[in-house]
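Peer 1: Right, I'll just put the structure down here and ask away after.
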Amino acid sequence: MDLAYIPSPSTGVLHLGPIPLRGYAFCIILGVFVAVWLGNKRWIARGGAAGTVADIAVWAVPFGLVGGRLYHVITDYQLYFSEGENWVDAFKIWEGGLGIWGAIAFGAVGAWIGCRRRGIPLPAYADAIAPGIALAQAIGRWGNWFNQELYGKPTDLPWALKITESANREAGLYHPTFLYESLWCIGVAVLVIWADRRFKLGHGRAFALYVAAYCAGRGWIEYMRVDEAHHILGLRLNVWTAIIVFVLAVVYMVVSARLRPGREEIVEPRSRKPVSVEKAERTEQDEPAGEPEEPAGSSAAEDEDVENGAGNGAGSAAKG
């Protein structure tokens, strides 16, 4: 008898009258809102303007959704293009299936377009939004719980996930890898916020830290999963992806710190003045009011006028 386990929902869809509310889509949407909200707060704290993060997200989010779906369909093509499968299902994003690697890559392209339109450096924007993305992933992983997918190996631990039987899965108790990754992503968000405050990370290094920390957790969590996946040299494809991306993120952090130490002073040119100008203005305001300085050359001009006036007067007197 199982004394404790995490139950799975009986359905992944809630109906508000005639409108279906899918749990997977709801988690994705909620995650996006949280990411934009936190990113906006961090952007303003860095000197940016309110609303900029949301404006750029209008570009980044659609690109991210397309990229995430493309990565999933390409790496799991057998689910849609094998014999007996319906390729139209590849477009049913609400049924699950977003690859974070494609979502981040394509989302970065969309963010780059949005940043370029506003004259904003992409690395600074990425640093501001990084912990928000981690929290969005933490929320989005609960969409897998609604769909009863992406669970791990069988276990009898008290926090095991109960999966019900269907055409594509076998009933039983399994490791809740969705929960493991959700908690890990929360930890990543906290780590990035702390490190950013402690070390003043800039030029994309906060984002690189998020990527490296996420990959470190994704590697061992991915290894626990039992869903069908392609393998290379005995490891799942996503494990190799996590290893490669982790190395690239760490290398970027090291090289960036040497080439461009410190943090950007201005992240959005139109939102504030350069620090040097601000200091100059404050200095002028602090100076005590005194005698106004005469413009250069004013004394000489006045002496010349006096002399000319005297000469003209003498001439007039002689003529009279």
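Chain labels A, B, ... are given in the sequence in which chains occur in the structure tokens; within each chain residues are numbered consecutively from 1, and ligands are likewise numbered from 1 in the order shown.
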Per DSSP on the backbone, filter stretch 50-236 of chain A down to the residues in strand (DSSP E or B) and report them as a list in words.
Peer 2: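 Strand (DSSP E or B) members of stretch 50-236 of chain A, listed: Gly152, Pro154, Leu161, Lys162, Ile163, Ser166, Arg169, Gly172, Leu173, Tyr174, Arg225, His231, Ile232, Leu235 and Arg236 of chain A.
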Peer 1: Output N, CA and C atoms of each residue in that selection to a file, as a PDB file, in the first residue's frame.
Peer 2:
ATOM      1  N   GLY A 152      10.345  10.537 -14.244  1.00  0.00           N
ATOM      2  CA  GLY A 152      11.579   9.768 -14.166  1.00  0.00           C
ATOM      3  C   GLY A 152      11.364   8.279 -13.974  1.00  0.00           C
ATOM      4  N   PRO A 154      10.938   4.581 -11.996  1.00  0.00           N
ATOM      5  CA  PRO A 154      10.053   4.150 -10.901  1.00  0.00           C
ATOM      6  C   PRO A 154      10.729   4.333  -9.548  1.00  0.00           C
ATOM      7  N   LEU A 161       5.633  10.410  -7.940  1.00  0.00           N
ATOM      8  CA  LEU A 161       4.537  10.926  -8.749  1.00  0.00           C
ATOM      9  C   LEU A 161       3.699   9.761  -9.259  1.00  0.00           C
ATOM     10  N   LYS A 162       2.401   9.815  -9.004  1.00  0.00           N
ATOM     11  CA  LYS A 162       1.514   8.753  -9.470  1.00  0.00           C
ATOM     12  C   LYS A 162       1.049   9.062 -10.888  1.00  0.00           C
ATOM     13  N   ILE A 163       1.324   8.146 -11.795  1.00  0.00           N
ATOM     14  CA  ILE A 163       0.946   8.283 -13.192  1.00  0.00           C
ATOM     15  C   ILE A 163      -0.156   7.279 -13.500  1.00  0.00           C
ATOM     16  N   SER A 166      -2.440   5.064 -19.726  1.00  0.00           N
ATOM     17  CA  SER A 166      -3.032   5.555 -20.973  1.00  0.00           C
ATOM     18  C   SER A 166      -2.365   4.817 -22.122  1.00  0.00           C
ATOM     19  N   ARG A 169       1.527   5.504 -21.799  1.00  0.00           N
ATOM     20  CA  ARG A 169       2.239   5.411 -20.536  1.00  0.00           C
ATOM     21  C   ARG A 169       1.672   4.286 -19.680  1.00  0.00           C
ATOM     22  N   GLY A 172       1.869   3.794 -12.512  1.00  0.00           N
ATOM     23  CA  GLY A 172       2.871   3.490 -11.495  1.00  0.00           C
ATOM     24  C   GLY A 172       3.329   4.736 -10.773  1.00  0.00           C
ATOM     25  N   LEU A 173       4.331   4.565  -9.918  1.00  0.00           N
ATOM     26  CA  LEU A 173       4.920   5.671  -9.169  1.00  0.00           C
ATOM     27  C   LEU A 173       6.316   5.946  -9.717  1.00  0.00           C
ATOM     28  N   TYR A 174       6.571   7.195 -10.038  1.00  0.00           N
ATOM     29  CA  TYR A 174       7.824   7.561 -10.700  1.00  0.00           C
ATOM     30  C   TYR A 174       8.427   8.809 -10.049  1.00  0.00           C
ATOM     31  N   ARG A 225      15.205  10.646 -16.535  1.00  0.00           N
ATOM     32  CA  ARG A 225      13.957  10.491 -17.274  1.00  0.00           C
ATOM     33  C   ARG A 225      13.919   9.181 -18.050  1.00  0.00           C
ATOM     34  N   HIS A 231      19.826   8.760 -28.226  1.00  0.00           N
ATOM     35  CA  HIS A 231      21.022   8.582 -27.412  1.00  0.00           C
ATOM     36  C   HIS A 231      22.278   8.678 -28.280  1.00  0.00           C
ATOM     37  N   ILE A 232      23.316   9.281 -27.729  1.00  0.00           N
ATOM     38  CA  ILE A 232      24.628   9.358 -28.368  1.00  0.00           C
ATOM     39  C   ILE A 232      25.665   8.880 -27.359  1.00  0.00           C
ATOM     40  N   LEU A 235      24.360   8.335 -23.832  1.00  0.00           N
ATOM     41  CA  LEU A 235      23.726   9.437 -23.101  1.00  0.00           C
ATOM     42  C   LEU A 235      22.616  10.048 -23.952  1.00  0.00           C
ATOM     43  N   ARG A 236      21.582  10.522 -23.283  1.00  0.00           N
ATOM     44  CA  ARG A 236      20.487  11.177 -23.984  1.00  0.00           C
ATOM     45  C   ARG A 236      20.982  12.444 -24.678  1.00  0.00           C
TER      46      ARG A 236
END
Peer 1: A:Leu98: which residues within 12 Å, counting only C-alpha atoms, same-chain residues fewer than 6 positions away excluded, as a ChimeraX atom specification?
Peer 2: /A:24-25,28,64-76,90-92,104,137,140-141,143-144,150
Peer 1: Counting only C-alpha atoms, which of A:Arg205, A:His230, A:Arg42, A:His15 gets nearest to A:Ala249?
Peer 2: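 Among the listed residues, the smallest separation from A:Ala249 belongs to A:Arg205.
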Peer 1: Ranking A:Leu201, A:Ile186, A:Ile19, A:Val58 by minimum distance to A:Pro123 and counting only C-alpha atoms, which one comes first?
Peer 2: A:Leu201
Peer 1: Taking only C-alpha atoms into account, name the residue in A:Met253, A:Leu135, A:Ile244, A:Ala189 that is nearest to A:Cys215.
Peer 2: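 Checking each candidate against A:Cys215, we get A:Ile244 as the closest.
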Peer 1: Would you list the contacts of A:Pro131 as a PyMOL selection string, taking every protein, DNA or RNA residue within 10 Å and counting only C-alpha atoms, but skipping same-chain residues closer than 6 positions in sequence?
Peer 2: chain A and resi 35+38-39+42+137+185-193+206-207+209-210
Peer 1: What would the file look like if the residues just selected were written as a PDB file, in the first residue's frame with N, CA and C atoms?
Peer 2:
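Saved file part_7.pdb follows:
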ATOM      1  N   ALA A  35       8.267  36.398 -15.611  1.00  0.00           N
ATOM      2  CA  ALA A  35       9.564  36.776 -16.170  1.00  0.00           C
ATOM      3  C   ALA A  35       9.593  38.249 -16.545  1.00  0.00           C
ATOM      4  N   LEU A  38       9.500  40.496 -13.195  1.00  0.00           N
ATOM      5  CA  LEU A  38      10.781  40.565 -12.499  1.00  0.00           C
ATOM      6  C   LEU A  38      11.828  41.251 -13.364  1.00  0.00           C
ATOM      7  N   GLY A  39      11.827  40.953 -14.648  1.00  0.00           N
ATOM      8  CA  GLY A  39      12.784  41.598 -15.534  1.00  0.00           C
ATOM      9  C   GLY A  39      12.599  43.108 -15.574  1.00  0.00           C
ATOM     10  N   ARG A  42      14.170  44.638 -12.428  1.00  0.00           N
ATOM     11  CA  ARG A  42      15.631  44.640 -12.496  1.00  0.00           C
ATOM     12  C   ARG A  42      16.132  45.642 -13.536  1.00  0.00           C
ATOM     13  N   GLN A 137      10.642  29.078 -16.215  1.00  0.00           N
ATOM     14  CA  GLN A 137      10.832  27.644 -16.417  1.00  0.00           C
ATOM     15  C   GLN A 137      10.294  26.844 -15.230  1.00  0.00           C
ATOM     16  N   CYS A 185      15.233  25.310 -10.831  1.00  0.00           N
ATOM     17  CA  CYS A 185      15.153  26.603 -11.506  1.00  0.00           C
ATOM     18  C   CYS A 185      14.923  27.739 -10.515  1.00  0.00           C
ATOM     19  N   ILE A 186      14.156  27.472  -9.469  1.00  0.00           N
ATOM     20  CA  ILE A 186      13.987  28.488  -8.423  1.00  0.00           C
ATOM     21  C   ILE A 186      15.327  28.782  -7.764  1.00  0.00           C
ATOM     22  N   GLY A 187      16.090  27.732  -7.497  1.00  0.00           N
ATOM     23  CA  GLY A 187      17.423  27.918  -6.928  1.00  0.00           C
ATOM     24  C   GLY A 187      18.339  28.691  -7.863  1.00  0.00           C
ATOM     25  N   VAL A 188      18.235  28.431  -9.156  1.00  0.00           N
ATOM     26  CA  VAL A 188      19.044  29.160 -10.137  1.00  0.00           C
ATOM     27  C   VAL A 188      18.692  30.644 -10.120  1.00  0.00           C
ATOM     28  N   ALA A 189      17.405  30.967 -10.056  1.00  0.00           N
ATOM     29  CA  ALA A 189      16.986  32.373 -10.010  1.00  0.00           C
ATOM     30  C   ALA A 189      17.558  33.070  -8.778  1.00  0.00           C
ATOM     31  N   VAL A 190      17.490  32.411  -7.630  1.00  0.00           N
ATOM     32  CA  VAL A 190      18.043  32.994  -6.393  1.00  0.00           C
ATOM     33  C   VAL A 190      19.545  33.180  -6.523  1.00  0.00           C
ATOM     34  N   LEU A 191      20.234  32.191  -7.097  1.00  0.00           N
ATOM     35  CA  LEU A 191      21.688  32.275  -7.270  1.00  0.00           C
ATOM     36  C   LEU A 191      22.063  33.462  -8.146  1.00  0.00           C
ATOM     37  N   VAL A 192      21.375  33.650  -9.267  1.00  0.00           N
ATOM     38  CA  VAL A 192      21.704  34.735 -10.190  1.00  0.00           C
ATOM     39  C   VAL A 192      21.455  36.089  -9.534  1.00  0.00           C
ATOM     40  N   ILE A 193      20.348  36.229  -8.829  1.00  0.00           N
ATOM     41  CA  ILE A 193      20.050  37.505  -8.156  1.00  0.00           C
ATOM     42  C   ILE A 193      21.114  37.820  -7.115  1.00  0.00           C
ATOM     43  N   ALA A 206      25.546  37.679 -16.071  1.00  0.00           N
ATOM     44  CA  ALA A 206      24.457  37.163 -15.240  1.00  0.00           C
ATOM     45  C   ALA A 206      23.641  36.139 -16.033  1.00  0.00           C
ATOM     46  N   PHE A 207      23.426  36.416 -17.306  1.00  0.00           N
ATOM     47  CA  PHE A 207      22.697  35.471 -18.153  1.00  0.00           C
ATOM     48  C   PHE A 207      23.509  34.195 -18.346  1.00  0.00           C
ATOM     49  N   LEU A 209      25.630  32.957 -16.264  1.00  0.00           N
ATOM     50  CA  LEU A 209      25.564  32.214 -15.009  1.00  0.00           C
ATOM     51  C   LEU A 209      24.266  31.421 -14.928  1.00  0.00           C
ATOM     52  N   TYR A 210      23.161  32.050 -15.332  1.00  0.00           N
ATOM     53  CA  TYR A 210      21.880  31.336 -15.366  1.00  0.00           C
ATOM     54  C   TYR A 210      21.959  30.116 -16.271  1.00  0.00           C
TER      55      TYR A 210
END
Peer 1: Write out as a ChimeraX atom specification which residues come within 12 Å of A:Val245 when counting only C-alpha atoms, dropping same-chain ones fewer than 5 positions away.
Peer 2: /A:100-101,104-105,208-216,218-219,238-240,250-252
Peer 1: Give the answer as one residue: which of A:Val53, A:Leu233, A:Val88, A:Leu21 has the shortest atom-to-atom distance to A:Ala111, using only C-alpha atoms?
Peer 2: A:Val53
Peer 1: Just the residues within 9 Å of stretch 4-11 of chain A, please, counting only C-alpha atoms, with nothing from its chain fewer than 5 positions along; format it as a list in words.
Peer 2: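 Residues near the query, excluding close chain neighbours: Gly23, Trp145, Phe146, Asn147, Gln148, Asp156, Leu157, Pro158, Trp159, Ala160, Leu161, Lys162, Ile163, Thr164, Leu173 and Pro176 of chain A.
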Peer 1: Mind checking DSSP for stretch 63-148 of chain A and telling me the helix (DSSP H, G or I) residues as JSON, numbers by chain?
Peer 2: {"A": [63, 64, 65, 66, 67, 68, 69, 70, 71, 72, 73, 74, 75, 78, 79, 80, 81, 87, 88, 89, 90, 91, 93, 94, 95, 100, 101, 102, 103, 104, 105, 106, 107, 108, 109, 110, 111, 112, 113, 114, 115, 116, 117, 118, 122, 123, 124, 125, 126, 127, 128, 129, 130, 131, 132, 133, 134, 135, 136, 137, 138, 139, 140, 142, 143, 144, 145, 146, 147]}
Peer 1: Tell me which protein, DNA and RNA residues are within 10 Å of A:Phe26, counting only C-alpha atoms, leaving out same-chain ones fewer than 4 positions away, and put them as number ranges by chain.
Peer 2: A: 13, 21-22, 30-32, 94, 139-140, 142-143
Peer 1: As a list of chain:residue names, please: the residues near A:Ala128 (cut-off 7 Å, only C-alpha atoms, same-chain neighbours under 2 positions excluded).
Peer 2: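 My list of contacting residues is A:Gly39, A:Arg42, A:Trp43, A:Ala124, A:Tyr125, A:Ala126, A:Ala130.
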